[in-house]
$ cat entry-v6.txt   # compact mmCIF, C-alpha atoms
# COMPACT_ATOMS: atom_id res chain seq x y z
CA MET S 1 8.78 8.80 15.76
CA THR S 2 11.40 6.15 15.34
CA ASN S 3 9.48 3.28 16.76
CA VAL S 4 10.14 0.26 14.58
CA LEU S 5 9.31 -3.39 15.08
CA VAL S 6 11.12 -5.90 12.91
CA ASN S 7 10.46 -9.60 13.03
CA ALA S 8 13.00 -11.75 11.21
CA PRO S 9 14.67 -15.03 12.18
CA LYS S 10 18.10 -14.69 13.81
CA THR S 11 19.40 -17.83 12.12
CA ALA S 12 18.61 -19.60 8.87
CA LYS S 13 19.89 -22.48 6.78
CA PRO S 14 21.52 -21.61 3.45
CA GLY S 15 18.83 -21.37 0.80
CA GLU S 16 16.01 -21.18 3.31
CA ILE S 17 13.18 -18.78 2.54
CA VAL S 18 12.66 -16.51 5.53
CA GLU S 19 9.82 -14.11 6.26
CA ILE S 20 10.64 -10.55 7.23
CA LYS S 21 7.94 -8.48 8.90
CA ALA S 22 8.33 -4.78 9.55
CA LEU S 23 6.08 -2.36 11.37
CA ILE S 24 6.75 1.34 11.83
CA LEU S 25 4.94 4.01 13.81
CA HIS S 26 3.63 6.64 11.37
CA PRO S 27 0.28 8.47 11.03
CA MET S 28 0.06 8.05 7.20
CA GLU S 29 -2.04 11.21 6.99
CA THR S 30 -3.80 11.07 3.62
CA GLY S 31 -4.16 14.79 2.89
CA PHE S 32 -7.85 14.29 2.19
CA ARG S 33 -9.25 14.57 5.72
CA PRO S 34 -10.48 17.76 7.35
CA GLY S 35 -9.21 18.27 10.89
CA THR S 36 -11.13 19.56 13.91
CA ASN S 37 -10.82 23.15 12.60
CA GLY S 38 -12.39 22.16 9.26
CA ARG S 39 -9.20 22.61 7.28
CA ILE S 40 -7.60 19.75 5.36
CA ILE S 41 -4.75 18.16 7.31
CA PRO S 42 -1.67 18.26 5.03
CA ARG S 43 -0.48 14.96 3.59
CA ASN S 44 2.22 13.18 5.58
CA ILE S 45 2.95 9.66 4.41
CA ILE S 46 5.82 7.23 3.98
CA GLU S 47 6.44 6.97 0.25
CA HIS S 48 9.21 4.41 -0.03
CA PHE S 49 10.21 1.28 1.83
CA VAL S 50 13.41 -0.45 0.78
CA ALA S 51 14.94 -3.64 2.17
CA THR S 52 18.54 -4.69 1.59
CA TRP S 53 20.54 -7.82 2.41
CA ASN S 54 24.19 -6.95 2.98
CA GLY S 55 23.64 -3.83 0.92
CA THR S 56 21.92 -5.49 -2.04
CA GLU S 57 18.34 -4.42 -2.59
CA ILE S 58 15.92 -7.33 -2.14
CA PHE S 59 12.56 -5.63 -1.84
CA ARG S 60 11.04 -2.24 -2.49
CA MET S 61 7.58 -0.84 -2.01
CA GLU S 62 6.13 2.48 -3.16
CA MET S 63 3.32 3.44 -0.81
CA SER S 64 0.31 5.69 -1.33
CA PRO S 65 -2.03 7.35 1.19
CA ALA S 66 -4.14 4.15 0.96
CA ILE S 67 -1.66 2.32 3.19
CA ALA S 68 -2.99 2.13 6.74
CA ALA S 69 -1.46 4.13 9.58
CA ASN S 70 1.58 2.46 11.15
CA PRO S 71 2.52 0.67 7.92
CA PHE S 72 3.07 -3.05 8.19
CA VAL S 73 4.88 -4.96 5.45
CA SER S 74 5.68 -8.63 5.24
CA PHE S 75 7.82 -10.21 2.51
CA PHE S 76 10.14 -13.16 1.94
CA ALA S 77 13.83 -13.50 1.14
CA VAL S 78 16.21 -16.34 0.38
CA ALA S 79 18.89 -16.62 3.06
CA THR S 80 22.13 -16.59 1.10
CA GLU S 81 24.83 -15.37 3.47
CA SER S 82 25.22 -14.13 7.02
CA GLY S 83 25.00 -10.42 7.49
CA THR S 84 22.53 -7.64 8.06
CA ILE S 85 19.08 -6.95 6.70
CA GLY S 86 18.67 -3.21 6.28
CA LEU S 87 15.28 -1.56 6.22
CA ARG S 88 14.74 2.04 5.21
CA TRP S 89 11.57 4.13 5.22
CA THR S 90 11.45 7.57 3.59
CA GLY S 91 8.56 9.96 3.13
CA ASP S 92 7.02 13.39 3.41
CA GLU S 93 8.45 16.10 5.69
CA GLY S 94 11.92 14.59 5.43
CA PHE S 95 10.91 11.38 7.16
CA LEU S 96 13.80 8.90 7.23
CA VAL S 97 14.19 5.88 9.47
CA GLU S 98 16.72 3.10 9.09
CA GLU S 99 16.81 -0.17 10.96
CA GLN S 100 19.19 -3.12 10.78
CA VAL S 101 18.81 -6.68 11.97
CA ALA S 102 21.53 -9.33 11.97
CA ILE S 103 20.98 -12.79 10.54
CA ALA S 104 23.33 -15.77 10.74
CA VAL S 105 23.15 -18.21 7.85
CA GLY S 106 24.72 -21.61 8.16
CA MET L 1 -28.27 41.75 12.08
CA GLN L 2 -28.11 39.66 8.88
CA SER L 3 -30.79 39.89 6.21
CA PRO L 4 -32.45 36.56 5.21
CA LEU L 5 -30.94 36.86 1.74
CA ASP L 6 -27.42 36.98 3.10
CA ARG L 7 -28.08 33.92 5.16
CA ARG L 8 -29.50 32.09 2.15
CA ALA L 9 -26.50 33.03 0.02
CA PHE L 10 -24.15 31.97 2.79
CA LEU L 11 -25.88 28.61 3.21
CA ALA L 12 -25.85 27.96 -0.52
CA GLY L 13 -22.16 28.81 -0.69
CA ALA L 14 -21.36 26.66 2.34
CA ALA L 15 -23.31 23.73 0.86
CA LEU L 16 -21.44 24.09 -2.42
CA LEU L 17 -18.07 24.23 -0.67
CA THR L 18 -18.70 21.04 1.27
CA VAL L 19 -20.08 19.12 -1.69
CA LEU L 20 -17.49 20.09 -4.30
CA PRO L 21 -14.29 18.67 -2.77
CA LEU L 22 -16.07 15.43 -1.93
CA ALA L 23 -17.24 15.02 -5.48
CA SER L 24 -13.78 15.62 -6.96
CA ALA L 25 -11.72 13.76 -4.34
CA ARG L 26 -12.79 10.31 -5.46
CA ALA L 27 -11.15 7.85 -7.76
CA THR L 28 -13.51 6.22 -10.19
CA PRO L 29 -13.41 2.87 -11.98
CA GLU L 30 -12.20 4.91 -14.97
CA ALA L 31 -9.37 6.46 -12.95
CA MET L 32 -8.39 2.97 -11.82
CA ALA L 33 -8.44 1.73 -15.41
CA ALA L 34 -6.19 4.65 -16.39
CA ALA L 35 -3.76 3.90 -13.54
CA ILE L 36 -3.63 0.24 -14.55
CA LYS L 37 -3.04 1.25 -18.18
CA GLU L 38 -0.05 3.31 -17.04
CA VAL L 39 1.54 0.20 -15.52
CA VAL L 40 0.58 -2.33 -18.16
CA GLY L 41 0.93 -0.22 -21.29
CA ALA L 42 0.04 -2.22 -24.37
CA GLY L 43 0.36 -5.57 -22.57
CA THR L 44 -2.63 -7.81 -21.99
CA ILE L 45 -3.78 -8.78 -18.49
CA ARG L 46 -4.82 -12.35 -17.82
CA ASP L 47 -6.69 -13.73 -14.85
CA GLY L 48 -4.99 -16.38 -12.75
CA ARG L 49 -1.76 -17.26 -10.94
CA VAL L 50 -2.45 -14.46 -8.44
CA LYS L 51 -4.29 -14.80 -5.16
CA LEU L 52 -5.57 -11.67 -3.48
CA ASP L 53 -6.65 -12.22 0.11
CA LEU L 54 -8.85 -9.62 1.77
CA PRO L 55 -11.66 -10.06 4.28
CA PRO L 56 -14.98 -9.91 2.34
CA LEU L 57 -16.63 -7.87 5.10
CA VAL L 58 -14.64 -5.16 6.85
CA GLU L 59 -15.86 -3.36 9.92
CA ASN L 60 -13.20 -0.67 9.97
CA GLY L 61 -11.85 0.64 6.67
CA ASN L 62 -8.86 2.25 8.39
CA THR L 63 -6.90 -1.00 8.57
CA VAL L 64 -7.70 -3.82 6.21
CA PRO L 65 -5.24 -6.71 6.02
CA LEU L 66 -4.27 -7.60 2.47
CA THR L 67 -2.11 -10.46 1.16
CA VAL L 68 -1.02 -11.00 -2.43
CA SER L 69 0.48 -14.36 -3.31
CA VAL L 70 1.65 -15.38 -6.77
CA GLU L 71 2.41 -18.84 -8.09
CA SER L 72 5.93 -18.41 -9.39
CA PRO L 73 9.15 -20.45 -9.15
CA MET L 74 11.01 -17.15 -8.44
CA THR L 75 14.12 -18.23 -10.38
CA PRO L 76 16.33 -15.77 -12.27
CA ALA L 77 14.70 -17.02 -15.50
CA ASP L 78 11.09 -16.84 -14.30
CA HIS L 79 10.12 -14.57 -11.44
CA VAL L 80 7.68 -11.89 -10.41
CA LYS L 81 9.08 -8.43 -11.08
CA ALA L 82 6.37 -6.30 -9.54
CA ILE L 83 3.06 -6.41 -7.72
CA HIS L 84 0.74 -3.43 -8.08
CA VAL L 85 -2.50 -2.98 -6.16
CA PHE L 86 -5.28 -0.61 -7.21
CA ASN L 87 -8.67 0.41 -5.82
CA GLU L 88 -11.83 1.89 -7.27
CA LYS L 89 -13.18 4.37 -4.76
CA ASN L 90 -10.44 5.75 -2.51
CA PRO L 91 -9.42 9.34 -3.33
CA GLN L 92 -6.56 7.93 -5.45
CA PRO L 93 -6.50 4.70 -7.46
CA HIS L 94 -3.00 3.61 -6.32
CA VAL L 95 -2.53 1.50 -3.21
CA PHE L 96 1.06 0.31 -3.58
CA SER L 97 3.65 -0.99 -6.01
CA ALA L 98 6.19 -3.54 -4.81
CA ARG L 99 9.34 -4.65 -6.65
CA LEU L 100 10.52 -8.22 -6.22
CA GLY L 101 13.11 -10.53 -7.70
CA PRO L 102 14.53 -14.05 -7.58
CA HIS L 103 16.15 -13.30 -4.17
CA ASN L 104 12.67 -13.23 -2.59
CA GLY L 105 12.14 -16.97 -3.04
CA LYS L 106 8.41 -16.61 -2.63
CA ALA L 107 6.19 -14.01 -4.27
CA VAL L 108 4.05 -13.36 -1.22
CA ILE L 109 3.59 -9.96 0.39
CA ALA L 110 1.23 -8.70 3.07
CA THR L 111 0.32 -5.25 4.32
CA ARG L 112 -2.59 -3.27 5.71
CA ILE L 113 -4.56 -0.76 3.67
CA LYS L 114 -7.29 1.88 4.03
CA LEU L 115 -10.62 1.62 2.21
CA ALA L 116 -12.92 4.62 1.88
CA ASP L 117 -15.91 2.62 0.67
CA SER L 118 -17.16 -0.81 -0.33
CA GLN L 119 -15.31 -1.47 -3.54
CA LYS L 120 -13.24 -3.70 -5.78
CA ILE L 121 -9.50 -4.13 -5.26
CA ILE L 122 -7.30 -5.33 -8.11
CA ALA L 123 -3.77 -6.76 -7.95
CA ILE L 124 -1.69 -6.68 -11.14
CA VAL L 125 1.44 -8.82 -11.25
CA GLU L 126 4.26 -8.26 -13.72
CA THR L 127 6.52 -11.25 -14.45
CA SER L 128 10.08 -11.30 -15.76
CA SER L 129 8.81 -12.54 -19.13
CA GLY L 130 6.67 -9.41 -19.48
CA GLU L 131 3.35 -11.10 -18.78
CA PHE L 132 0.64 -9.52 -16.65
CA TRP L 133 -1.59 -11.53 -14.35
CA SER L 134 -4.33 -10.23 -12.13
CA ALA L 135 -6.80 -11.03 -9.39
CA SER L 136 -9.55 -8.95 -7.87
CA ALA L 137 -11.58 -8.96 -4.67
CA ASP L 138 -14.78 -7.22 -3.64
CA VAL L 139 -14.88 -5.80 -0.13
CA ILE L 140 -17.80 -4.44 1.85
CA VAL L 141 -16.78 -1.71 4.32
CA THR L 142 -19.08 -0.64 7.15
CA LEU L 143 -16.93 2.14 8.65
CA ALA L 144 -15.07 4.03 5.96
CA ALA L 145 -11.55 5.44 6.24
CA CYS L 146 -10.52 9.03 5.39
CA ILE L 147 -13.86 10.54 6.44
CA GLU L 148 -13.20 12.18 9.75
CA ASP L 149 -10.39 13.00 12.08
CA VAL L 150 -10.74 10.62 15.00
CA THR L 151 -7.67 11.87 16.83

$ encode --input "entry-v6.txt" --output "structure tokens"
Amino acid sequence: MTNVLVNAPKTAKPGEIVEIKALILHPMETGFRPGTNGRIIPRNIIEHFVATWNGTEIFRMEMSPAIAANPFVSFFAVATESGTIGLRWTGDEGFLVEEQVAIAVG
Amino acid sequence: MQSPLDRRAFLAGAALLTVLPLASARATPEAMAAAIKEVVGAGTIRDGRVKLDLPPLVENGNTVPLTVSVESPMTPADHVKAIHVFNEKNPQPHVFSARLGPHNGKAVIATRIKLADSQKIIAIVETSSGEFWSASADVIVTLAACIEDVT
């Protein structure tokens, strides 16, 4: 369950606005659907997505069951300094996945 | 051997059980208005500055691409603080809340959402000066999400 796809440029000019796209494998079970046995399948979703640039938070998203399975998020960031972009997903049933990508600015 | 009365009572009970959760597990335009009120408080919402991109006709409600873009210089003095998206007819009115700041450069975010029915989607944007801007989109869904387990 730790399949993550991150698409971010490896290099950027100082001050450039870069797009960061992140996709993670997750069922995003709503907790409203009956399963094959007729009983409601318990909710299992990712609740929080946080992105950091060298440890400083740059983006945060609170998700609800209305986010599609295998959540995809795209956002922008100003390239200020070289370092790592950290992405962190947390959710139900102790779900926690962290991913880091390096970016060189200059 | 069951008597006809038992069967009738059983059927009535079964019908009630299937209908009741469906009726209660639905957000309504009122529930959406209440959820928006929680975010906005006493502030006033104005139309404009926000662009909400969704396909007008969706074949599969399980994954609907959604993009919110806001006209904003994204400077420390004037930037978008948050983007909230709400729906009318999913089981819950919330879709997501995103927090942004001047380090984003551009107030544009994209994701994919689930839609349980043809309905209206509303994006509410909160700026650093405490203003609220909004945009809405109507979507027609032919195959709804959250109805059955396809797995």

$ atom_distance --input "entry-v6.txt" --atom1 "atom CA of Ser74 of chain S" --atom2 "atom CA of Ala51 of chain S"
11.0 Å

$ closest_atom_pairs --input "entry-v6.txt" --of "chain L" --to "chain S" --cutoff "8 Å" --atoms "only C-alpha atoms" --output "Markdown table"
| residue | atom | partner | partner_atom | distance |
| --- | --- | --- | --- | --- |
| L:Ala25 | CA | S:Phe32 | CA | 7.6 |
| L:Asn62 | CA | S:Ala68 | CA | 6.1 |
| L:Thr63 | CA | S:Ala68 | CA | 5.3 |
| L:Val64 | CA | S:Ala68 | CA | 7.6 |
| L:Asn90 | CA | S:Ala66 | CA | 7.4 |
| L:Pro91 | CA | S:Phe32 | CA | 7.6 |
| L:Gln92 | CA | S:Ala66 | CA | 7.8 |
| L:His94 | CA | S:Ser64 | CA | 6.3 |
| L:Val95 | CA | S:Ala66 | CA | 5.2 |
| L:Phe96 | CA | S:Met63 | CA | 4.8 |
| L:Ser97 | CA | S:Glu62 | CA | 5.1 |
| L:Ala98 | CA | S:Met61 | CA | 4.1 |
| L:Arg99 | CA | S:Arg60 | CA | 5.1 |
| L:Leu100 | CA | S:Phe59 | CA | 5.5 |
| L:Gly101 | CA | S:Ile58 | CA | 7.0 |
| L:His103 | CA | S:Val78 | CA | 5.5 |
| L:Asn104 | CA | S:Ala77 | CA | 3.9 |
| L:Gly105 | CA | S:Val78 | CA | 5.4 |
| L:Lys106 | CA | S:Phe76 | CA | 6.0 |
| L:Ala107 | CA | S:Phe76 | CA | 7.4 |
| L:Val108 | CA | S:Phe75 | CA | 6.2 |
| L:Ile109 | CA | S:Phe75 | CA | 4.7 |
| L:Ala110 | CA | S:Ser74 | CA | 5.0 |
| L:Thr111 | CA | S:Val73 | CA | 4.7 |
| L:Arg112 | CA | S:Ala68 | CA | 5.5 |
| L:Ile113 | CA | S:Ile67 | CA | 4.3 |
| L:Lys114 | CA | S:Ala66 | CA | 4.9 |
| L:Leu115 | CA | S:Ala66 | CA | 7.1 |
| L:Cys146 | CA | S:Arg33 | CA | 5.7 |
| L:Ile147 | CA | S:Arg33 | CA | 6.2 |
| L:Glu148 | CA | S:Arg33 | CA | 6.1 |
| L:Asp149 | CA | S:Gly35 | CA | 5.5 |

$ residues_around --input "entry-v6.txt" --residues "Ala104 of chain S" --least-positions-apart "2" --cutoff "9 Å" --atoms "only C-alpha atoms" --output "JSON, numbers by chain"
{"S": [9, 10, 11, 12, 13, 79, 81, 82, 83, 84, 102, 106]}

$ atom_distance --input "entry-v6.txt" --atom1 "atom CA of Pro102 of chain L" --atom2 "atom CA of Ser128 of chain L"
9.7 Å

$ atom_distance --input "entry-v6.txt" --atom1 "atom CA of Arg46 of chain L" --atom2 "atom CA of Ile124 of chain L"
9.3 Å

$ residues_around --input "entry-v6.txt" --residues "His79 of chain L" --least-positions-apart "2" --cutoff "8 Å" --atoms "all atoms listed in the file" --output "compact mmCIF listing (two decimals) with C-alpha atoms, in the frame of the given file"
# COMPACT_ATOMS: atom_id res chain seq x y z
CA SER L 72 5.93 -18.41 -9.39
CA PRO L 73 9.15 -20.45 -9.15
CA MET L 74 11.01 -17.15 -8.44
CA THR L 75 14.12 -18.23 -10.38
CA PRO L 76 16.33 -15.77 -12.27
CA ALA L 77 14.70 -17.02 -15.50
CA LYS L 81 9.08 -8.43 -11.08
CA GLY L 101 13.11 -10.53 -7.70
CA PRO L 102 14.53 -14.05 -7.58
CA THR L 127 6.52 -11.25 -14.45
CA SER L 128 10.08 -11.30 -15.76

$ decode --input "entry-v6.txt" --residues "segment 31-103 of chain S" --atoms "C-alpha atoms" --output "compact mmCIF listing (two decimals), in the first residue's frame"
# COMPACT_ATOMS: atom_id res chain seq x y z
CA GLY S 31 -18.17 4.11 4.67
CA PHE S 32 -21.50 4.52 2.90
CA ARG S 33 -21.37 1.52 0.55
CA PRO S 34 -22.72 -1.93 1.31
CA GLY S 35 -20.36 -4.75 0.41
CA THR S 36 -21.18 -8.08 -1.22
CA ASN S 37 -22.51 -9.41 2.12
CA GLY S 38 -24.92 -6.46 2.43
CA ARG S 39 -23.10 -4.89 5.34
CA ILE S 40 -21.63 -1.39 5.15
CA ILE S 41 -17.90 -1.46 4.39
CA PRO S 42 -16.19 0.56 7.17
CA ARG S 43 -14.76 3.94 6.21
CA ASN S 44 -11.08 3.94 5.24
CA ILE S 45 -9.88 7.21 3.76
CA ILE S 46 -6.84 9.47 3.69
CA GLU S 47 -7.73 12.50 5.79
CA HIS S 48 -4.68 14.72 5.51
CA PHE S 49 -2.13 15.50 2.83
CA VAL S 50 0.74 17.80 3.74
CA ALA S 51 3.57 19.03 1.53
CA THR S 52 6.76 20.60 2.86
CA TRP S 53 9.75 22.28 1.22
CA ASN S 54 12.88 21.73 3.30
CA GLY S 55 10.65 21.16 6.29
CA THR S 56 8.46 24.25 5.86
CA GLU S 57 4.82 23.52 5.15
CA ILE S 58 3.78 24.79 1.72
CA PHE S 59 0.49 23.04 1.10
CA ARG S 60 -2.10 21.12 3.07
CA MET S 61 -5.32 19.42 2.10
CA GLU S 62 -8.03 17.94 4.31
CA MET S 63 -9.80 15.22 2.37
CA SER S 64 -13.28 13.77 2.75
CA PRO S 65 -14.79 10.51 1.43
CA ALA S 66 -15.75 12.51 -1.70
CA ILE S 67 -12.16 12.35 -2.94
CA ALA S 68 -11.83 9.66 -5.60
CA ALA S 69 -9.95 6.41 -4.97
CA ASN S 70 -6.18 6.70 -5.48
CA PRO S 71 -6.14 10.41 -4.56
CA PHE S 72 -4.45 12.70 -7.02
CA VAL S 73 -3.42 16.21 -6.02
CA SER S 74 -1.71 18.87 -8.07
CA PHE S 75 -0.49 22.20 -6.69
CA PHE S 76 2.17 24.83 -7.31
CA ALA S 77 5.14 26.11 -5.33
CA VAL S 78 7.74 28.83 -5.74
CA ALA S 79 11.22 27.33 -6.05
CA THR S 80 13.22 29.17 -3.41
CA GLU S 81 16.15 26.94 -2.50
CA SER S 82 17.55 23.53 -3.33
CA GLY S 83 16.44 20.73 -1.10
CA THR S 84 13.71 18.18 -0.67
CA ILE S 85 9.97 18.32 -1.15
CA GLY S 86 8.32 16.14 1.48
CA LEU S 87 4.87 14.69 1.01
CA ARG S 88 2.92 13.03 3.78
CA TRP S 89 -0.44 11.27 3.68
CA THR S 90 -2.23 10.22 6.88
CA GLY S 91 -5.62 8.65 7.38
CA ASP S 92 -7.87 6.01 8.87
CA GLU S 93 -6.53 2.72 10.24
CA GLY S 94 -3.18 4.32 11.02
CA PHE S 95 -2.39 5.00 7.38
CA LEU S 96 0.88 6.93 7.02
CA VAL S 97 3.02 7.27 3.92
CA GLU S 98 5.89 9.68 3.43
CA GLU S 99 7.70 10.43 0.20
CA GLN S 100 10.56 12.78 -0.59
CA VAL S 101 11.78 14.17 -3.88
CA ALA S 102 14.92 16.24 -4.40
CA ILE S 103 14.90 19.50 -6.32
